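Trainee: Got a structure for you, written out below as structure tokens; questions coming shortly.
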Amino acid sequence: MLGLRRMGLLLALGLALSAGCAPTVKSFLHPDVDLGYVRRVALLPFSNLSGDEFADERITSLFVTRLLSANVVEVVEAGAVREAMTRMNVSAGMTLSPEQIVALGKALAVDALFGGTVEEYGPVREHRETQNQVTASFTLSETQSGTLVWRAEVHEGGGSFWRRLFGLGGRSLHDVSADAVDRALGTLF
């Protein structure tokens, strides 16, 4: 009887601890916008608020790959985006007005613009261990009016109670990042 009680207590404790490590994603999708017309998109350079100098480039690379592999939209080359931004005197990381979104959309001949910010990227000490974590937010604005039509914020961690319990190491930063991007895009497509 004591063994069953102990087992139940351990199971309850394990479930409680693992719930705190769960990845989170919160998203907004504009209720009055039909994304069916979005066929061609561009990615603005992502902003980087993390301590890792190249986090924005790494997350952008994963985001583009996942977007292309979904085979839902055509993505404009990054060089064309930077060239159009330079011509319009728009710098990377700059918050764009609806008018600038419309103008950039016309210059690139796209239906929508993706943006993003990497807020946290890299190892974080948690439960006496270091685990990789990524927190990022992504946006999509349509270029007819410059309206924000989608936003997602995602937090993904590389450790879990079960991985620690069975002596497994934390997940790689690449895997954590890829899962974060997949979860965010999963709220859109």
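Residue numbering restarts at 1 in every chain; chains get A, B, ... in the order shown in the structure tokens, and ligands count up from 1 in that same order.
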Which residues come within 12 Å of A:Glu77, counting only C-alpha atoms, excluding same-chain residues fewer than 4 positions away, as a PyMOL selection string?
Mentor: chain A and resi 40-45+61+64+68+81-84+108+110
Trainee: Contacts of A:Leu185 at 10 Å or less, counting only C-alpha atoms, minus same-chain residues fewer than 5 places along, as a VMD selection string?
Mentor: chain A and resid 27 63 66 to 67 70 138 151 to 152 154 179 to 180
Trainee: Using only C-alpha atoms, find the one residue out of A:Thr117, A:Val76, A:Gln131, A:Ala184 that sits nearest to A:Thr95.
Mentor: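 Under the stated criterion, the closest residue is A:Thr117.
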Trainee: Taking the backbone alone, and naming residues the way the document does, which bits of stretch 28-159 of chain A are strand (DSSP E) by DSSP, as JSON, numbers by chain?
Mentor: {"A": [28, 29, 40, 41, 42, 43, 47, 48, 74, 75, 112, 113, 114, 115, 116, 117, 118, 119, 120, 121, 122, 123, 124, 125, 126, 129, 130, 131, 132, 133, 134, 135, 136, 137, 138, 139, 140, 141, 142, 148, 149, 150, 151, 152, 153, 154, 155, 156, 157]}
Trainee: My list of candidates is A:Arg171, A:Thr143, A:His155, A:Gly51. Which is closest to A:Val102 when distances are computed with only C-alpha atoms?
Mentor: A:Thr143
Trainee: Between A:Ile59, A:Val124, A:Leu148, A:Met85, which is the closest to A:Leu35 once you count only C-alpha atoms?
Mentor: A:Leu148
